[in-house]
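Containing compact mmCIF, C-alpha atoms: input33.txt.
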```txt
# COMPACT_ATOMS: atom_id res chain seq x y z
CA MET A 107 -102.36 -11.05 -20.84
CA LYS A 108 -100.91 -13.77 -23.08
CA ILE A 109 -102.98 -16.52 -24.64
CA GLY A 110 -101.29 -19.49 -26.27
CA VAL A 111 -102.76 -20.89 -29.48
CA VAL A 112 -101.59 -24.41 -30.28
CA THR A 113 -100.68 -25.64 -33.75
CA PHE A 114 -100.48 -29.39 -34.41
CA PRO A 115 -99.74 -30.80 -37.86
CA GLY A 116 -103.19 -30.61 -39.49
CA THR A 117 -104.59 -27.82 -37.32
CA LEU A 118 -106.69 -25.46 -39.47
CA ASP A 119 -108.21 -22.78 -37.27
CA ASP A 120 -105.16 -21.57 -35.35
CA ARG A 121 -105.01 -18.32 -37.29
CA ASP A 122 -108.69 -17.57 -36.74
CA ALA A 123 -108.28 -18.40 -33.04
CA ALA A 124 -105.26 -16.07 -32.85
CA ARG A 125 -107.27 -13.34 -34.55
CA ALA A 126 -110.10 -13.78 -32.05
CA VAL A 127 -107.65 -13.52 -29.17
CA ARG A 128 -106.23 -10.28 -30.59
CA ILE A 129 -109.67 -8.78 -31.22
CA ALA A 130 -110.58 -9.53 -27.59
CA GLY A 131 -107.49 -7.57 -26.55
CA ALA A 132 -104.92 -10.18 -25.56
CA GLU A 133 -101.48 -11.01 -26.90
CA VAL A 134 -101.15 -14.23 -28.91
CA VAL A 135 -98.35 -16.70 -28.22
CA PRO A 136 -98.10 -19.43 -30.89
CA LEU A 137 -97.48 -22.82 -29.27
CA TRP A 138 -95.97 -25.63 -31.34
CA HIS A 139 -96.98 -29.28 -30.86
CA ALA A 140 -93.43 -30.53 -30.37
CA ASP A 141 -92.46 -27.87 -27.83
CA ALA A 142 -93.46 -28.63 -24.24
CA ASN A 143 -92.67 -25.05 -23.17
CA LEU A 144 -95.88 -23.06 -22.61
CA HIS A 145 -93.93 -19.74 -22.57
CA LYS A 146 -95.70 -18.49 -19.42
CA VAL A 147 -99.08 -18.02 -21.12
CA ASP A 148 -102.12 -17.13 -18.99
CA ALA A 149 -104.49 -19.35 -20.98
CA VAL A 150 -104.46 -21.77 -23.93
CA VAL A 151 -106.72 -22.33 -26.94
CA LEU A 152 -106.67 -25.72 -28.69
CA PRO A 153 -108.12 -24.84 -32.11
CA GLY A 154 -110.03 -26.90 -34.64
CA GLY A 155 -108.79 -28.83 -37.62
CA PHE A 156 -107.65 -32.37 -38.31
CA SER A 157 -104.59 -32.83 -36.10
CA TYR A 158 -102.40 -35.67 -37.38
CA GLY A 159 -104.97 -36.30 -40.12
CA ASP A 160 -107.44 -37.66 -37.52
CA TYR A 161 -105.31 -40.83 -37.56
CA LEU A 162 -106.26 -43.54 -35.05
CA ARG A 163 -109.10 -41.39 -33.62
CA CYS A 164 -109.77 -37.64 -33.79
CA GLY A 165 -107.47 -35.96 -31.27
CA ALA A 166 -105.87 -39.20 -30.06
CA ILE A 167 -102.36 -38.53 -31.33
CA ALA A 168 -102.47 -34.82 -30.49
CA ALA A 169 -103.34 -35.84 -26.91
CA GLN A 170 -99.87 -37.45 -26.71
CA ALA A 171 -97.96 -34.47 -28.16
CA PRO A 172 -95.37 -32.80 -25.88
CA VAL A 173 -97.30 -29.51 -25.80
CA THR A 174 -100.52 -31.31 -24.83
CA GLN A 175 -98.84 -33.17 -21.99
CA ALA A 176 -97.65 -29.79 -20.64
CA ILE A 177 -101.14 -28.31 -21.08
CA VAL A 178 -102.78 -31.22 -19.24
CA LYS A 179 -100.43 -30.69 -16.31
CA ALA A 180 -101.02 -26.92 -16.28
CA ALA A 181 -104.79 -27.38 -16.62
CA GLU A 182 -104.77 -29.61 -13.55
CA GLY A 183 -103.18 -26.65 -11.80
CA GLY A 184 -105.93 -24.27 -12.98
CA LEU A 185 -104.69 -22.88 -16.32
CA PRO A 186 -107.70 -21.86 -18.44
CA VAL A 187 -107.93 -24.10 -21.52
CA LEU A 188 -110.50 -23.85 -24.33
CA GLY A 189 -110.80 -26.71 -26.81
CA ILE A 190 -112.73 -25.95 -29.99
CA CYS A 191 -113.91 -28.77 -32.30
CA ASN A 192 -110.77 -30.88 -32.82
CA GLY A 193 -109.49 -29.15 -29.67
CA PHE A 194 -112.52 -30.53 -27.79
CA GLN A 195 -111.66 -33.98 -29.18
CA VAL A 196 -108.09 -33.51 -27.88
CA LEU A 197 -109.43 -32.59 -24.41
CA VAL A 198 -111.60 -35.72 -24.38
CA GLU A 199 -108.73 -37.92 -25.56
CA SER A 200 -106.45 -36.42 -22.88
CA HIS A 201 -109.12 -37.16 -20.23
CA LEU A 202 -109.40 -33.50 -19.20
CA LEU A 203 -113.09 -33.89 -20.09
CA PRO A 204 -115.09 -37.16 -19.99
CA GLY A 205 -116.84 -39.08 -22.78
CA GLY A 206 -116.10 -39.36 -26.48
CA LEU A 207 -117.00 -37.93 -29.88
CA ILE A 208 -118.14 -40.14 -32.73
CA ARG A 209 -119.16 -39.65 -36.35
CA ASN A 210 -122.27 -37.53 -36.83
CA GLU A 211 -125.47 -39.54 -36.64
CA ASN A 212 -126.45 -38.83 -40.25
CA GLN A 213 -122.86 -39.55 -41.40
CA HIS A 214 -122.55 -36.15 -43.11
CA PHE A 215 -120.05 -33.41 -42.43
CA ILE A 216 -122.18 -30.55 -41.06
CA CYS A 217 -121.47 -26.86 -41.62
CA ARG A 218 -124.09 -24.43 -40.32
CA ASP A 219 -124.69 -21.46 -38.08
CA GLN A 220 -125.79 -23.21 -34.90
CA LYS A 221 -127.90 -21.95 -32.02
CA LEU A 222 -126.63 -22.92 -28.56
CA ARG A 223 -127.78 -22.29 -25.02
CA VAL A 224 -125.11 -21.30 -22.50
CA GLU A 225 -125.93 -23.50 -19.52
CA ASN A 226 -123.08 -22.66 -17.21
CA VAL A 227 -121.46 -19.26 -16.72
CA ASP A 228 -119.14 -20.20 -13.84
CA THR A 229 -116.18 -20.93 -16.09
CA ALA A 230 -113.12 -19.12 -17.32
CA TRP A 231 -114.57 -19.04 -20.84
CA THR A 232 -118.28 -18.28 -20.24
CA ASN A 233 -118.41 -15.77 -17.37
CA GLN A 234 -119.40 -12.89 -19.68
CA PHE A 235 -122.55 -14.69 -20.85
CA GLU A 236 -125.86 -14.68 -19.06
CA LEU A 237 -127.17 -17.99 -17.82
CA ASN A 238 -129.37 -19.65 -20.48
CA GLN A 239 -128.38 -17.01 -23.04
CA GLU A 240 -128.89 -18.25 -26.60
CA ILE A 241 -126.04 -17.63 -29.00
CA ILE A 242 -125.30 -18.46 -32.63
CA ILE A 243 -121.84 -19.51 -33.76
CA PRO A 244 -120.68 -21.68 -36.68
CA LEU A 245 -120.53 -25.46 -36.38
CA LYS A 246 -118.47 -27.55 -38.82
CA ASN A 247 -117.59 -31.12 -38.06
CA GLY A 248 -117.83 -34.71 -39.20
CA GLU A 249 -117.29 -36.35 -35.83
CA GLY A 250 -119.17 -34.25 -33.30
CA GLY A 251 -121.60 -36.75 -31.80
CA TYR A 252 -121.04 -36.60 -28.05
CA ILE A 253 -121.40 -39.86 -26.17
CA ALA A 254 -120.77 -41.03 -22.64
CA ASP A 255 -121.99 -43.91 -20.51
CA ALA A 256 -125.16 -43.46 -18.46
CA GLU A 257 -123.27 -42.90 -15.23
CA THR A 258 -121.06 -40.16 -16.73
CA LEU A 259 -124.08 -38.43 -18.30
CA LYS A 260 -125.85 -38.46 -14.96
CA ARG A 261 -122.82 -36.91 -13.28
CA LEU A 262 -122.43 -34.24 -16.02
CA GLU A 263 -126.09 -33.24 -15.66
CA GLY A 264 -126.12 -33.51 -11.86
CA GLU A 265 -122.99 -31.41 -11.35
CA GLY A 266 -123.82 -28.77 -13.94
CA LEU A 267 -120.89 -29.68 -16.17
CA VAL A 268 -122.81 -29.22 -19.44
CA ALA A 269 -121.66 -25.79 -20.61
CA PHE A 270 -123.50 -25.61 -23.95
CA ARG A 271 -126.49 -27.39 -25.42
CA TYR A 272 -127.75 -27.40 -29.02
CA VAL A 273 -131.04 -25.53 -29.46
CA ASP A 274 -133.71 -26.22 -32.16
CA VAL A 275 -131.51 -28.69 -34.07
CA ASN A 276 -129.27 -31.41 -32.70
CA PRO A 277 -126.94 -31.48 -35.68
CA ASN A 278 -124.87 -34.57 -34.93
CA GLY A 279 -126.79 -36.88 -32.61
CA SER A 280 -125.04 -35.77 -29.43
CA MET A 281 -126.48 -37.32 -26.29
CA ASN A 282 -128.65 -34.91 -24.27
CA ASP A 283 -128.01 -32.31 -27.04
CA ILE A 284 -124.58 -31.67 -25.47
CA ALA A 285 -122.50 -29.19 -27.49
CA GLY A 286 -119.84 -28.45 -24.89
CA LEU A 287 -118.60 -29.31 -21.41
CA ARG A 288 -116.68 -27.75 -18.54
CA ASN A 289 -114.56 -29.47 -15.93
CA GLU A 290 -115.33 -29.37 -12.20
CA ARG A 291 -113.04 -26.43 -11.62
CA GLY A 292 -114.37 -24.44 -14.58
CA ASN A 293 -110.97 -23.67 -16.10
CA VAL A 294 -111.31 -26.25 -18.91
CA VAL A 295 -114.09 -25.85 -21.48
CA GLY A 296 -114.53 -27.80 -24.71
CA LEU A 297 -117.17 -27.50 -27.43
CA MET A 298 -117.71 -28.61 -31.02
CA PRO A 299 -118.96 -25.27 -32.48
CA HIS A 300 -116.51 -22.48 -33.31
CA PRO A 301 -116.61 -19.24 -31.29
CA GLU A 302 -113.48 -17.95 -33.07
CA HIS A 303 -115.44 -17.69 -36.33
CA ALA A 304 -117.92 -15.24 -34.79
CA VAL A 305 -115.85 -12.38 -33.38
CA GLU A 306 -115.97 -9.60 -35.96
CA ALA A 307 -118.92 -8.00 -37.76
CA GLY A 308 -118.73 -8.73 -41.47
CA PHE A 309 -117.29 -12.22 -40.96
CA GLY A 310 -119.69 -13.92 -38.53
CA PRO A 311 -123.05 -15.70 -38.80
CA ASP A 312 -126.06 -13.85 -40.21
CA LYS A 313 -128.29 -12.05 -37.76
CA ALA A 314 -131.90 -11.05 -38.30
CA GLY A 315 -131.73 -8.11 -40.68
CA THR A 316 -127.95 -7.95 -40.99
CA MET A 317 -125.75 -10.40 -42.80
CA ARG A 318 -122.63 -11.86 -41.18
CA SER A 319 -122.81 -9.56 -38.19
CA GLY A 320 -122.90 -12.23 -35.45
CA ILE A 321 -120.12 -11.83 -32.88
CA ASP A 322 -121.42 -14.09 -30.10
CA GLY A 323 -118.07 -15.91 -30.05
CA LEU A 324 -116.17 -12.88 -28.80
CA LYS A 325 -117.50 -13.33 -25.25
CA PHE A 326 -115.55 -16.58 -24.85
CA PHE A 327 -112.32 -14.66 -25.20
CA GLU A 328 -113.53 -11.65 -23.21
CA SER A 329 -114.48 -14.06 -20.42
CA VAL A 330 -110.97 -15.45 -20.10
CA LEU A 331 -109.49 -11.94 -20.11
CA LYS A 332 -111.81 -11.00 -17.26
CA GLN A 333 -111.01 -14.22 -15.40
CA VAL A 334 -107.25 -13.82 -15.64
CA VAL A 335 -107.31 -10.12 -14.70
CA ASN A 336 -109.40 -10.94 -11.62
CA ALA A 337 -107.31 -13.96 -10.65
CA MET B 111 -91.29 -60.87 -38.76
CA PRO B 112 -93.26 -61.72 -35.60
CA LYS B 113 -96.19 -59.43 -34.93
CA ILE B 114 -98.69 -58.74 -32.21
CA ILE B 115 -102.13 -58.19 -33.70
CA VAL B 116 -104.58 -55.91 -31.90
CA GLU B 117 -108.19 -55.97 -33.12
CA ILE B 118 -110.56 -53.18 -32.17
CA MET B 119 -114.29 -52.85 -32.84
CA PRO B 120 -116.73 -50.01 -32.25
CA LYS B 121 -118.91 -50.81 -29.24
CA ALA B 122 -121.80 -53.09 -30.14
CA ASP B 123 -124.50 -50.63 -29.10
CA LEU B 124 -123.01 -47.71 -31.06
CA LEU B 125 -123.91 -46.79 -34.60
CA ASP B 126 -121.11 -47.84 -36.96
CA PRO B 127 -121.60 -45.47 -39.92
CA GLN B 128 -118.92 -47.15 -42.06
CA GLY B 129 -120.53 -50.55 -41.58
CA LYS B 130 -123.96 -49.12 -42.33
CA ALA B 131 -122.76 -47.48 -45.57
CA VAL B 132 -121.11 -50.73 -46.69
CA LEU B 133 -124.26 -52.71 -45.82
CA ASN B 134 -126.37 -50.36 -47.95
CA ALA B 135 -123.92 -50.68 -50.86
CA LEU B 136 -123.98 -54.49 -50.59
CA HIS B 137 -127.76 -54.52 -50.60
CA ARG B 138 -127.68 -52.42 -53.77
CA GLN B 139 -125.41 -55.06 -55.31
CA GLY B 140 -128.01 -57.72 -54.58
CA TYR B 141 -126.61 -59.28 -51.42
CA GLY B 142 -129.94 -58.98 -49.67
CA LYS B 143 -129.23 -61.81 -47.23
CA ILE B 144 -126.59 -59.80 -45.36
CA GLN B 145 -128.12 -58.55 -42.14
CA ASN B 146 -125.38 -56.28 -40.84
CA VAL B 147 -121.79 -55.18 -41.45
CA ARG B 148 -119.51 -53.75 -38.81
CA ILE B 149 -116.03 -52.35 -39.45
CA GLY B 150 -113.22 -52.27 -36.93
CA LYS B 151 -109.44 -51.95 -36.97
CA ARG B 152 -106.58 -54.40 -37.12
CA ILE B 153 -103.30 -52.99 -35.85
CA GLU B 154 -100.06 -54.92 -36.43
CA ILE B 155 -97.18 -54.32 -34.04
CA HIS B 156 -93.99 -55.68 -35.62
CA LEU B 157 -91.10 -56.96 -33.51
CA ASN B 158 -87.66 -58.38 -34.29
CA ASP B 159 -88.10 -61.40 -32.03
CA ALA B 160 -91.00 -63.55 -30.95
CA PRO B 161 -92.89 -61.53 -28.35
CA SER B 162 -92.31 -62.36 -24.69
CA ALA B 163 -95.01 -62.43 -22.06
CA GLU B 164 -93.86 -58.94 -21.13
CA ASP B 165 -94.25 -57.71 -24.72
CA LEU B 166 -97.79 -59.08 -24.78
CA GLU B 167 -98.56 -57.38 -21.48
CA GLY B 168 -97.21 -54.14 -22.95
CA ALA B 169 -99.38 -54.59 -26.04
CA ARG B 170 -102.45 -55.07 -23.86
CA GLU B 171 -101.56 -51.88 -22.03
CA ILE B 172 -101.19 -49.71 -25.15
CA ALA B 173 -104.25 -51.36 -26.70
CA ASP B 174 -106.36 -50.13 -23.76
CA SER B 175 -104.67 -46.78 -23.12
CA PHE B 176 -103.91 -45.48 -26.61
CA LEU B 177 -104.86 -47.73 -29.53
CA SER B 178 -108.50 -47.85 -28.42
CA ASN B 179 -110.82 -45.49 -26.56
CA GLY B 180 -112.90 -47.46 -24.06
CA VAL B 181 -115.77 -44.98 -24.33
CA ILE B 182 -116.46 -45.85 -27.96
CA GLU B 183 -114.48 -49.03 -28.75
CA ASP B 184 -113.66 -52.49 -27.44
CA VAL B 185 -110.39 -54.38 -27.87
CA VAL B 186 -111.79 -57.71 -29.08
CA ASN B 187 -108.61 -59.70 -29.65
CA ILE B 188 -104.86 -59.60 -29.12
CA HIS B 189 -102.80 -62.41 -30.58
CA VAL B 190 -99.41 -63.23 -32.07
CA GLU B 191 -98.69 -64.05 -35.72
CA ASP B 192 -95.38 -65.11 -37.27
```
Mind turning the file's structure into structure tokens?
Amino acid sequence: MKIGVVTFPGTLDDRDAARAVRIAGAEVVPLWHADANLHKVDAVVLPGGFSYGDYLRCGAIAAQAPVTQAIVKAAEGGLPVLGICNGFQVLVESHLLPGGLIRNENQHFICRDQKLRVENVDTAWTNQFELNQEIIIPLKNGEGGYIADAETLKRLEGEGLVAFRYVDVNPNGSMNDIAGLRNERGNVVGLMPHPEHAVEAGFGPDKAGTMRSGIDGLKFFESVLKQVVNA
Amino acid sequence: MPKIIVEIMPKADLLDPQGKAVLNALHRQGYGKIQNVRIGKRIEIHLNDAPSAEDLEGAREIADSFLSNGVIEDVVNIHVED
């Protein structure tokens, strides 16, 4: 089981994503932005950061990178792809997921442990969760406000394409409290919060009674392992 | 050098945080009459020769497909400057 982790110029969380993949039990294959060869990986993670300095729009230039063009093609053929934070912005800019992400409503960069509800478990990246399970993983972004036109929102809600919703606090003004989406096929998932930062006790969000012990993010990576083994 | 100018604005019904921050700063400086400020982008595409109709068509294409994102922005003007 090989999972590719993409590095663009300005990517920050590729090493944490690679660590999460290893902890889940898969082999990591580093993928470089300028190399269109996906090296026969079974799945891809687009990590967070500030690819190309967020120039033009967050994710817009990364969406045109050779590796992304190859990923878009493979995703259309069913390759599991997870976009985290800037990776979610790349998925939106490459039209693998609909809508757009704009600056947080209150204009501040937000960094907090965020509660989410898993609203769809029929995806490559969420099949190990229970439906409506509440999880806590870190959120850290400046441009995480999800928007889409009324028609798109209606379709997302009607077809069950909202994968994650913010609970208790909507940190960035996202429409319908949307934190993450899936595509129709369920192989592509994107979200603003960071599952890769909550995979190992001692380094995750606080839990009641125990500091930094939250590992709710690990199930994302365990899900894709399960999916690929069963495929 | 001839240039094609592409002007892009955030959609009218979306919050423009940059514009809002500038408006607040202007009000602090005493310019209370200013009702609103919105900030967009001006992109200059430089060419060696005066742009042909085809060049302009190409500029319109990249303005819609890459330079702007139709979900959050509008291309408000494309014109040529010398």
Report as number ranges by chain all protein, DNA and RNA residues lying within 8 Å of range 271-286 of chain A, evaluated on only C-alpha atoms, omitting residues in the same chain fewer than 6 positions from it. A: 209-212, 216, 220-225, 249-254, 295-299
Considering all atoms listed in the file, extract the chain B residues located within 8 Å of chain A and return them as a PyMOL selection string. chain B and resi 125+127+176-177+179+181-182
From the set A:Lys260, A:His303, A:His145, A:Arg288, which residue has the shortest atom-to-atom contact distance to Phe327 in chain A, counting only C-alpha atoms?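 Distance minimum relative to Phe327 in chain A lands on A:His303.
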Rank A:His201, A:His300, A:Arg291, A:Lys332 by their smallest atom-to-atom distance to Leu245 in chain A, using all atoms listed in the file, and report the top residue only. A:His300
Quick one: distance from CA of Asn226 in chain A to CA of Gly292 in chain A in Å, one decimal?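 Between CA of Asn226 in chain A and CA of Gly292 in chain A the gap is 9.3 Å.
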Env of range 118-127 of chain A: 9 Å cut, atoms = all atoms listed in the file, seq-sep filter 2 positions within chain, self excluded. Answer as a PDB file with C-alpha atoms, in the coordinates of the input.
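Output (part00.pdb):
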```pdb
ATOM      1  CA  ILE A 109    -102.980 -16.520 -24.640  1.00  0.00           C
ATOM      2  CA  GLY A 110    -101.290 -19.490 -26.270  1.00  0.00           C
ATOM      3  CA  VAL A 111    -102.760 -20.890 -29.480  1.00  0.00           C
ATOM      4  CA  VAL A 112    -101.590 -24.410 -30.280  1.00  0.00           C
ATOM      5  CA  THR A 113    -100.680 -25.640 -33.750  1.00  0.00           C
ATOM      6  CA  PHE A 114    -100.480 -29.390 -34.410  1.00  0.00           C
ATOM      7  CA  PRO A 115     -99.740 -30.800 -37.860  1.00  0.00           C
ATOM      8  CA  GLY A 116    -103.190 -30.610 -39.490  1.00  0.00           C
ATOM      9  CA  ILE A 129    -109.670  -8.780 -31.220  1.00  0.00           C
ATOM     10  CA  ALA A 130    -110.580  -9.530 -27.590  1.00  0.00           C
ATOM     11  CA  GLY A 131    -107.490  -7.570 -26.550  1.00  0.00           C
ATOM     12  CA  ALA A 132    -104.920 -10.180 -25.560  1.00  0.00           C
ATOM     13  CA  GLU A 133    -101.480 -11.010 -26.900  1.00  0.00           C
ATOM     14  CA  VAL A 134    -101.150 -14.230 -28.910  1.00  0.00           C
ATOM     15  CA  VAL A 135     -98.350 -16.700 -28.220  1.00  0.00           C
ATOM     16  CA  PRO A 136     -98.100 -19.430 -30.890  1.00  0.00           C
ATOM     17  CA  VAL A 151    -106.720 -22.330 -26.940  1.00  0.00           C
ATOM     18  CA  LEU A 152    -106.670 -25.720 -28.690  1.00  0.00           C
ATOM     19  CA  PRO A 153    -108.120 -24.840 -32.110  1.00  0.00           C
ATOM     20  CA  GLY A 154    -110.030 -26.900 -34.640  1.00  0.00           C
ATOM     21  CA  GLY A 155    -108.790 -28.830 -37.620  1.00  0.00           C
ATOM     22  CA  PHE A 156    -107.650 -32.370 -38.310  1.00  0.00           C
ATOM     23  CA  SER A 157    -104.590 -32.830 -36.100  1.00  0.00           C
ATOM     24  CA  PRO A 301    -116.610 -19.240 -31.290  1.00  0.00           C
ATOM     25  CA  GLU A 302    -113.480 -17.950 -33.070  1.00  0.00           C
ATOM     26  CA  HIS A 303    -115.440 -17.690 -36.330  1.00  0.00           C
ATOM     27  CA  ALA A 304    -117.920 -15.240 -34.790  1.00  0.00           C
ATOM     28  CA  VAL A 305    -115.850 -12.380 -33.380  1.00  0.00           C
ATOM     29  CA  GLU A 306    -115.970  -9.600 -35.960  1.00  0.00           C
ATOM     30  CA  GLY A 323    -118.070 -15.910 -30.050  1.00  0.00           C
ATOM     31  CA  LEU A 324    -116.170 -12.880 -28.800  1.00  0.00           C
ATOM     32  CA  PHE A 327    -112.320 -14.660 -25.200  1.00  0.00           C
ATOM     33  CA  GLU A 328    -113.530 -11.650 -23.210  1.00  0.00           C
TER      34      GLU A 328
END
```
Skipping near chain neighbours, those fewer than 3 positions away, what residues fall within 12 Å of range 156-161 of chain B using only C-alpha atoms, listed as number ranges by chain? B: 111-116, 153, 164-169, 189-192
At what distance in Å, to one decimal, does CA of Leu202 in chain A lie from CA of Gly184 in chain A?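 Spanning CA of Gly184 in chain A to CA of Leu202 in chain A is a straight-line distance of 11.7 Å.
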Any idea what's packed within 8 Å of Ile144 in chain B, counting all atoms listed in the file, ignoring anything in its chain fewer than 6 positions away? Could you give it as a PDB file with C-alpha atoms, keeping the file's coordinate frame?
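Ended up saving to part04.pdb:
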```pdb
ATOM      1  CA  LEU B 133    -124.260 -52.710 -45.820  1.00  0.00           C
ATOM      2  CA  LEU B 136    -123.980 -54.490 -50.590  1.00  0.00           C
ATOM      3  CA  HIS B 137    -127.760 -54.520 -50.600  1.00  0.00           C
TER       4      HIS B 137
END
```
Residue contacts of Ala181 in chain A (12 Å, only C-alpha atoms) excluding same-chain residues fewer than 3 positions away, as an MDAnalysis selection string: chainID A and resid 144 147:151 174:178 184:189 197 200:203 230 289:295
Under the rule that only C-alpha atoms are counted, which of B:Arg138, B:Lys151, B:Lys143, B:Lys130 is the nearest residue to Ser178 in chain B?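 Residue with the minimum atom-to-atom distance to Ser178 in chain B: B:Lys151.
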One decimal, Å: what's the distance from CA of Arg318 in chain A over to CA of Pro244 in chain A, could you say?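 About the pair CA of Arg318 in chain A and CA of Pro244 in chain A: they are 11.0 Å apart.
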